[in-house]
>>> print(open('structure-v1.cif').read())   # mmCIF, C-alpha atoms
data_my_file
loop_
_atom_site.label_atom_id
_atom_site.label_comp_id
_atom_site.auth_asym_id
_atom_site.auth_seq_id
_atom_site.Cartn_x
_atom_site.Cartn_y
_atom_site.Cartn_z
CA MET N 3 -12.69 0.99 33.56
CA SER N 4 -9.73 -1.29 34.20
CA THR N 5 -6.49 -1.04 32.32
CA THR N 6 -6.98 -4.32 30.46
CA THR N 7 -10.51 -3.41 29.38
CA CYS N 8 -9.43 0.02 28.17
CA GLN N 9 -6.55 -1.48 26.22
CA VAL N 10 -8.66 -4.20 24.59
CA VAL N 11 -11.47 -1.78 23.66
CA GLY N 12 -8.96 0.63 22.13
CA PHE N 13 -7.38 -2.23 20.23
CA LEU N 14 -10.71 -3.38 18.79
CA LEU N 15 -11.75 0.16 17.83
CA SER N 16 -8.43 0.67 16.08
CA ILE N 17 -8.89 -2.56 14.12
CA LEU N 18 -12.35 -1.47 12.97
CA GLY N 19 -11.04 1.97 12.06
CA LEU N 20 -8.12 0.58 10.08
CA ALA N 21 -10.43 -1.80 8.20
CA GLY N 22 -12.73 1.12 7.41
CA CYS N 23 -9.83 3.23 6.11
CA ILE N 24 -8.74 0.43 3.79
CA THR N 25 -12.31 -0.03 2.59
CA ALA N 26 -12.84 3.68 1.98
CA THR N 27 -9.57 3.98 0.07
CA GLY N 28 -10.54 1.19 -2.30
CA MET N 29 -14.15 2.32 -2.85
CA ASP N 30 -15.17 3.96 -6.12
CA MET N 31 -17.90 6.22 -4.76
CA TRP N 32 -15.91 9.13 -3.42
CA SER N 33 -17.89 11.46 -5.63
CA THR N 34 -21.25 10.68 -7.24
CA GLN N 35 -23.20 12.49 -9.90
CA ASP N 36 -25.76 14.95 -8.62
CA LEU N 37 -29.12 13.99 -10.17
CA TYR N 38 -30.94 17.11 -9.01
CA ASP N 39 -32.17 19.12 -12.02
CA ASN N 40 -30.38 16.70 -14.33
CA PRO N 41 -32.45 15.81 -17.40
CA VAL N 42 -30.25 12.83 -18.26
CA THR N 43 -31.02 9.97 -15.86
CA SER N 44 -30.08 6.99 -17.99
CA VAL N 45 -26.39 7.35 -17.11
CA PHE N 46 -24.99 7.60 -13.62
CA GLN N 47 -21.37 8.58 -13.09
CA TYR N 48 -19.21 8.24 -9.99
CA GLU N 49 -15.50 8.47 -9.27
CA GLY N 50 -13.02 7.22 -6.72
CA LEU N 51 -9.37 7.77 -5.98
CA TRP N 52 -8.20 5.27 -8.56
CA ARG N 53 -10.81 5.12 -11.33
CA SER N 54 -14.03 6.60 -12.72
CA CYS N 55 -17.12 4.53 -13.47
CA VAL N 56 -20.29 4.88 -15.53
CA ARG N 57 -23.43 2.89 -14.79
CA GLN N 58 -26.23 2.75 -17.32
CA SER N 59 -29.91 2.24 -16.66
CA SER N 60 -29.66 -1.26 -18.11
CA GLY N 61 -27.38 -2.26 -15.24
CA PHE N 62 -24.15 -2.33 -17.24
CA THR N 63 -21.22 -0.68 -15.43
CA GLU N 64 -17.94 0.32 -17.00
CA CYS N 65 -14.94 1.59 -15.03
CA ARG N 66 -11.82 3.22 -16.38
CA PRO N 67 -8.68 3.55 -14.18
CA PHE N 68 -6.69 6.74 -14.03
CA PHE N 69 -3.69 5.84 -16.18
CA THR N 70 -1.86 9.05 -15.44
CA ILE N 71 -0.31 10.49 -12.32
CA LEU N 72 0.95 13.88 -13.41
CA GLY N 73 -2.30 14.67 -15.16
CA LEU N 74 -4.39 14.29 -12.00
CA PRO N 75 -5.23 17.25 -9.76
CA ALA N 76 -2.76 17.95 -6.97
CA MET N 77 -5.49 17.72 -4.34
CA LEU N 78 -6.41 14.22 -5.48
CA GLN N 79 -2.80 13.10 -5.21
CA ALA N 80 -2.58 14.64 -1.73
CA VAL N 81 -5.68 12.69 -0.65
CA ARG N 82 -4.14 9.49 -1.97
CA ALA N 83 -0.95 10.14 -0.02
CA LEU N 84 -2.82 10.89 3.22
CA MET N 85 -4.90 7.75 3.02
CA ILE N 86 -1.90 5.53 2.22
CA VAL N 87 0.16 7.03 5.06
CA GLY N 88 -2.75 6.53 7.44
CA ILE N 89 -3.12 2.87 6.44
CA VAL N 90 0.62 2.17 6.78
CA LEU N 91 0.83 3.80 10.21
CA GLY N 92 -2.29 1.98 11.33
CA ALA N 93 -0.89 -1.36 10.20
CA ILE N 94 2.39 -0.78 12.06
CA GLY N 95 0.50 0.33 15.16
CA LEU N 96 -1.65 -2.79 14.95
CA LEU N 97 1.37 -5.08 14.91
CA VAL N 98 2.93 -3.26 17.86
CA SER N 99 -0.30 -3.28 19.85
CA ILE N 100 -0.69 -7.06 19.49
CA PHE N 101 2.54 -7.63 21.44
CA ALA N 102 1.62 -4.87 23.90
CA LEU N 103 -1.64 -6.44 25.07
CA LYS N 104 -1.60 -7.16 28.78
CA CYS N 105 -3.52 -10.41 28.34
CA ILE N 106 -0.74 -11.80 26.12
CA ARG N 107 2.49 -12.80 27.86
CA ILE N 108 5.56 -13.16 25.65
CA GLY N 109 8.63 -14.48 27.42
CA SER N 110 9.75 -12.36 30.36
CA MET N 111 8.57 -9.03 28.98
CA GLU N 112 8.19 -6.48 31.75
CA ASP N 113 5.19 -4.22 32.25
CA SER N 114 7.30 -1.15 31.51
CA ALA N 115 8.09 -2.50 28.04
CA LYS N 116 4.40 -3.21 27.41
CA ALA N 117 3.55 0.31 28.56
CA ASN N 118 6.01 1.83 26.08
CA MET N 119 4.69 -0.34 23.26
CA THR N 120 1.10 0.57 24.13
CA LEU N 121 1.95 4.27 24.06
CA THR N 122 3.75 3.89 20.72
CA SER N 123 0.84 2.07 19.09
CA GLY N 124 -1.63 4.59 20.50
CA ILE N 125 0.30 7.50 18.98
CA MET N 126 0.44 5.70 15.63
CA PHE N 127 -3.31 5.09 15.71
CA ILE N 128 -3.96 8.75 16.50
CA ILE N 129 -1.81 9.92 13.58
CA SER N 130 -3.46 7.34 11.31
CA GLY N 131 -6.93 8.56 12.24
CA LEU N 132 -5.94 12.19 11.71
CA CYS N 133 -4.52 11.36 8.27
CA ALA N 134 -7.76 9.61 7.26
CA ILE N 135 -9.97 12.43 8.51
CA ALA N 136 -7.76 15.04 6.84
CA GLY N 137 -7.74 13.20 3.51
CA VAL N 138 -11.52 12.78 3.41
CA SER N 139 -12.07 16.39 4.48
CA VAL N 140 -9.75 17.71 1.75
CA PHE N 141 -11.61 15.72 -0.88
CA ALA N 142 -14.97 16.92 0.47
CA ASN N 143 -13.79 20.53 0.32
CA MET N 144 -12.72 20.01 -3.28
CA LEU N 145 -16.17 18.63 -4.13
CA VAL N 146 -17.95 21.56 -2.52
CA THR N 147 -15.81 24.06 -4.40
CA ASN N 148 -16.36 22.35 -7.76
CA PHE N 149 -20.08 21.96 -7.07
CA TRP N 150 -20.71 25.66 -6.57
CA MET N 151 -18.49 26.60 -9.48
CA SER N 152 -20.43 24.22 -11.73
CA THR N 153 -23.71 25.62 -10.44
CA ALA N 154 -22.62 29.17 -11.25
CA ASN N 155 -21.58 28.15 -14.77
CA MET N 156 -24.89 26.40 -15.44
CA TYR N 157 -26.87 29.65 -15.22
CA SER N 158 -24.31 31.93 -16.82
CA GLY N 159 -25.78 31.86 -20.34
CA MET N 160 -28.16 34.67 -21.42
CA GLY N 161 -28.64 36.17 -18.00
CA GLY N 162 -29.60 32.93 -16.36
CA MET N 163 -32.50 32.15 -18.74
CA VAL N 164 -30.72 29.28 -20.44
CA GLN N 165 -29.56 26.33 -18.35
CA THR N 166 -26.56 24.44 -19.68
CA VAL N 167 -26.16 20.73 -19.02
CA GLN N 168 -23.09 20.16 -16.84
CA THR N 169 -22.22 17.26 -14.63
CA ARG N 170 -22.02 18.09 -10.94
CA TYR N 171 -20.67 15.77 -8.28
CA THR N 172 -21.67 15.46 -4.66
CA PHE N 173 -20.59 13.44 -1.65
CA GLY N 174 -20.26 9.70 -2.11
CA SER N 175 -20.60 6.93 0.43
CA ALA N 176 -16.82 6.51 0.70
CA LEU N 177 -16.51 9.91 2.37
CA PHE N 178 -18.79 8.94 5.23
CA VAL N 179 -17.02 5.60 5.63
CA GLY N 180 -13.69 7.42 5.80
CA TRP N 181 -14.92 9.92 8.40
CA VAL N 182 -16.30 7.17 10.64
CA ALA N 183 -13.20 5.00 10.20
CA GLY N 184 -10.87 7.89 11.01
CA GLY N 185 -12.88 8.73 14.12
CA LEU N 186 -12.79 5.12 15.36
CA THR N 187 -9.05 4.91 14.81
CA LEU N 188 -8.52 8.19 16.64
CA ILE N 189 -10.64 7.13 19.62
CA GLY N 190 -8.88 3.75 19.75
CA GLY N 191 -5.49 5.47 19.82
CA VAL N 192 -6.56 7.75 22.66
CA MET N 193 -7.77 4.78 24.71
CA MET N 194 -4.46 2.99 24.12
CA CYS N 195 -2.59 6.02 25.42
CA ILE N 196 -4.85 6.12 28.50
CA ALA N 197 -4.22 2.42 29.13
CA CYS N 198 -0.48 3.09 29.04
CA ARG N 199 -0.69 4.92 32.37
CA GLY N 200 -2.12 1.87 34.10
CA LEU N 201 0.55 -0.45 32.67
CA ALA N 202 3.49 1.69 33.75
CA PRO N 203 4.93 0.54 37.10
CA GLN N 204 4.51 3.05 39.91
CA GLU N 205 7.70 4.36 41.40
CA THR N 206 7.88 4.41 45.21
CA THR N 207 10.17 6.93 46.83
CA TYR N 208 11.92 6.22 50.13
CA LYS N 209 13.80 8.54 52.45
CA ALA N 210 17.47 7.83 52.14
CA VAL N 211 19.34 7.21 55.43
CA SER N 212 23.07 6.62 55.34
CA TYR N 213 24.77 4.48 57.96
CA HIS N 214 28.51 4.63 58.53
CA ALA N 215 30.02 1.53 60.09
CA SER N 216 32.61 2.21 62.75
CA GLY N 217 36.04 0.65 62.79
CA PRO N 218 36.77 -2.61 64.62
CA ASN N 219 38.51 -0.92 67.59
CA VAL N 220 36.52 2.31 67.88
CA ALA N 221 34.50 2.92 71.05
CA TYR N 222 32.28 5.89 71.71
CA LYS N 223 32.15 7.32 75.25
CA THR N 224 29.37 9.61 76.30
CA GLY N 225 28.96 10.73 79.89
CA GLY N 226 30.41 7.65 81.58
CA PHE N 227 28.93 5.09 79.20
CA LYS N 228 30.95 3.07 76.75
CA ALA N 229 29.66 1.57 73.52
CA SER N 230 31.71 -0.88 71.54
CA THR N 231 31.20 -2.64 68.24
CA GLY N 232 31.51 -6.17 69.58
CA PHE N 233 34.86 -6.82 67.93
CA GLU N 234 36.91 -6.23 71.09
CA PRO N 235 38.44 -9.21 72.91
CA THR N 236 36.19 -10.77 75.52
CA THR N 237 39.00 -11.66 77.98
CA LYS N 238 38.30 -8.60 80.12
CA ASN N 239 34.93 -8.13 81.69
CA LYS N 240 34.00 -4.48 81.80
CA LYS N 241 32.02 -2.65 84.46
CA ILE N 242 30.68 0.88 84.36
CA TYR N 243 31.25 3.22 87.31
CA ASP N 244 30.14 6.76 87.93
CA GLY N 245 33.48 8.31 87.21
CA GLY N 246 33.87 6.72 83.77
CA ALA N 247 34.56 3.38 82.11
CA ARG N 248 37.08 1.31 84.20
CA THR N 249 37.98 -2.35 83.95
CA GLU N 250 38.40 -4.87 86.78
CA ASP N 251 42.21 -4.74 86.48
CA GLU N 252 42.18 -0.99 87.04
CA VAL N 253 39.93 -1.42 90.08
CA GLN N 254 42.23 -4.04 91.63
CA SER N 255 45.43 -2.08 90.96
CA HIS N 256 44.03 1.11 92.46
CA PRO N 257 41.99 0.15 95.57
CA SER N 258 39.85 2.79 97.19
CA LYS N 259 39.39 3.53 100.85
CA TYR N 260 36.08 1.69 100.89
CA ASP N 261 37.83 -1.63 100.26
CA TYR N 262 39.22 -1.75 103.84
CA VAL N 263 35.96 -1.14 105.63
#
>>> encode(input="structure-v1.cif", output="structure tokens")
Amino acid sequence: MSTTTCQVVGFLLSILGLAGCITATGMDMWSTQDLYDNPVTSVFQYEGLWRSCVRQSSGFTECRPFFTILGLPAMLQAVRALMIVGIVLGAIGLLVSIFALKCIRIGSMEDSAKANMTLTSGIMFIISGLCAIAGVSVFANMLVTNFWMSTANMYSGMGGMVQTVQTRYTFGSALFVGWVAGGLTLIGGVMMCIACRGLAPQETTYKAVSYHASGPNVAYKTGGFKASTGFEPTTKNKKIYDGGARTEDEVQSHPSKYDYV
């Protein structure tokens, strides 16, 4: 999968997950009345994070918001906080990821900057998904605990011979929406982090070789050969002999015996 495809797929999954988290937070069916062994079927009760509702068999529905904050259970307030934090982080990550898309060019933004923004948005999406999954799981655990406690209290009278009528709540549709939305957001964040590796520019290492320039009048002699830098005056033509480097003036001022043959 190419980097652009991975980034776009992660972006789309994160959008779907964030929309699902917002939908689940606003839904009223986090907990629904358990109708099993319930003799009263004309009234159906369900509750959400923000209000409780009652639906009658005639089709009339009445909802009552939770007007108190301190009077609510601590677990319910924790679930509210987790879902809100997840939505806020997801929204910030969504804004960052829009500018980090490789298919969108904004000014002279470099690929390294897009890679950093992609990684940042991916981490935010991962945290957002974890917050949503944690909030829904905490609420589900609270429902399971209350369900079995209510079941035990129903058969507590007269050695279990008398069944008392008590409302029990089970999982609502909002829990499943929250689990799926949190999973999509988490997967989208992971794919954004994977796409970050393809956007980062690859660093190429070279072997460093240092060159030291010689001075303008420095010549190196090695075994009868003379190397110059090219900055010497060109008025004297130089010739190389076996005994060392000698110029024409030196040859003429010091003739050898072979010159008279």
>>> closest_residue(input="structure-v1.cif", among="N:Arg107, N:Phe127, N:Trp32, N:Val98", to="Met193 (chain N)", atoms="only C-alpha atoms")
N:Phe127
>>> atom_distance(input="structure-v1.cif", atom1="CA of Asn148 (chain N)", atom2="CA of Ser60 (chain N)")
29.0 Å
>>> atom_distance(input="structure-v1.cif", atom1="CA of Leu186 (chain N)", atom2="CA of Leu20 (chain N)")
8.4 Å
>>> resolve_selection(input="structure-v1.cif", expression="the PyMOL selection byres ((chain N and resi 171) around 6)", output="compact mmCIF listing (two decimals) with C-alpha atoms, keeping the file's coordinate frame")
# COMPACT_ATOMS: atom_id res chain seq x y z
CA SER N 33 -17.89 11.46 -5.63
CA THR N 34 -21.25 10.68 -7.24
CA GLN N 35 -23.20 12.49 -9.90
CA ASP N 36 -25.76 14.95 -8.62
CA ARG N 170 -22.02 18.09 -10.94
CA THR N 172 -21.67 15.46 -4.66
>>> residues_around(input="structure-v1.cif", residues="region 87-91 of chain N", least_positions_apart="2", cutoff="6 Å", atoms="only C-alpha atoms", output="CSV table (one decimal) with C-alpha atoms, keeping the file's coordinate frame")
chain,number,residue,atom,x,y,z
N,84,LEU,CA,-2.8,10.9,3.2
N,85,MET,CA,-4.9,7.8,3.0
N,93,ALA,CA,-0.9,-1.4,10.2
N,94,ILE,CA,2.4,-0.8,12.1
N,126,MET,CA,0.4,5.7,15.6
N,130,SER,CA,-3.5,7.3,11.3
N,133,CYS,CA,-4.5,11.4,8.3
N,134,ALA,CA,-7.8,9.6,7.3
>>> resolve_selection(input="structure-v1.cif", expression="the PyMOL selection byres ((chain N and resi 99) around 10)", output="JSON, numbers by chain")
{"N": [9, 10, 12, 13, 16, 93, 94, 95, 96, 97, 98, 100, 101, 102, 103, 104, 116, 119, 120, 121, 122, 123, 124, 126, 127, 194]}
>>> atom_distance(input="structure-v1.cif", atom1="CA of Gly174 (chain N)", atom2="CA of Met31 (chain N)")
5.0 Å
>>> closest_residue(input="structure-v1.cif", among="N:Leu14, N:Leu201, N:Thr25, N:Phe141", to="Asp113 (chain N)", atoms="all atoms listed in the file")
N:Leu201
>>> resolve_selection(input="structure-v1.cif", expression="the PyMOL selection byres ((chain N and resi 187) around 7)", output="PyMOL selection string")
chain N and resi 15-16+19-20+127-128+131+183-186+188-191
>>> closest_residue(input="structure-v1.cif", among="N:Ile24, N:Ile125, N:Ala117, N:Ala136", to="Ala197 (chain N)", atoms="all atoms listed in the file")
N:Ala117
>>> residues_around(input="structure-v1.cif", residues="Arg57 (chain N)", least_positions_apart="5", cutoff="6 Å", atoms="all atoms listed in the file", output="list in words")
Val45, Phe46, Phe62 and Thr63 of chain N
>>> closest_residue(input="structure-v1.cif", among="N:Ser4, N:Ser110, N:Thr169, N:Ser175", to="Ala142 (chain N)", atoms="only C-alpha atoms")
N:Ser175
>>> residues_around(input="structure-v1.cif", residues="Gly180 (chain N)", least_positions_apart="4", cutoff="7 Å", atoms="only C-alpha atoms", output="list in words")
Gly22, Cys23, Ala26, Ala134, Ile135, Val138, Ala176 and Gly184 of chain N
>>> residues_around(input="structure-v1.cif", residues="Cys55 (chain N)", least_positions_apart="4", cutoff="9 Å", atoms="only C-alpha atoms", output="list in words")
Asp30, Met31, Phe46, Gln47, Tyr48, Glu49, Gly50, Thr63, Glu64, Cys65, Arg66 and Pro67 of chain N
>>> write_last_selection(input="structure-v1.cif", atoms="C-alpha atoms", output="mmCIF file, keeping the file's coordinate frame")
data_model
loop_
_atom_site.group_PDB
_atom_site.id
_atom_site.type_symbol
_atom_site.label_atom_id
_atom_site.label_comp_id
_atom_site.auth_asym_id
_atom_site.auth_seq_id
_atom_site.Cartn_x
_atom_site.Cartn_y
_atom_site.Cartn_z
ATOM 1 C CA ASP N 30 -15.170 3.960 -6.120
ATOM 2 C CA MET N 31 -17.900 6.220 -4.760
ATOM 3 C CA PHE N 46 -24.990 7.600 -13.620
ATOM 4 C CA GLN N 47 -21.370 8.580 -13.090
ATOM 5 C CA TYR N 48 -19.210 8.240 -9.990
ATOM 6 C CA GLU N 49 -15.500 8.470 -9.270
ATOM 7 C CA GLY N 50 -13.020 7.220 -6.720
ATOM 8 C CA THR N 63 -21.220 -0.680 -15.430
ATOM 9 C CA GLU N 64 -17.940 0.320 -17.000
ATOM 10 C CA CYS N 65 -14.940 1.590 -15.030
ATOM 11 C CA ARG N 66 -11.820 3.220 -16.380
ATOM 12 C CA PRO N 67 -8.680 3.550 -14.180
#
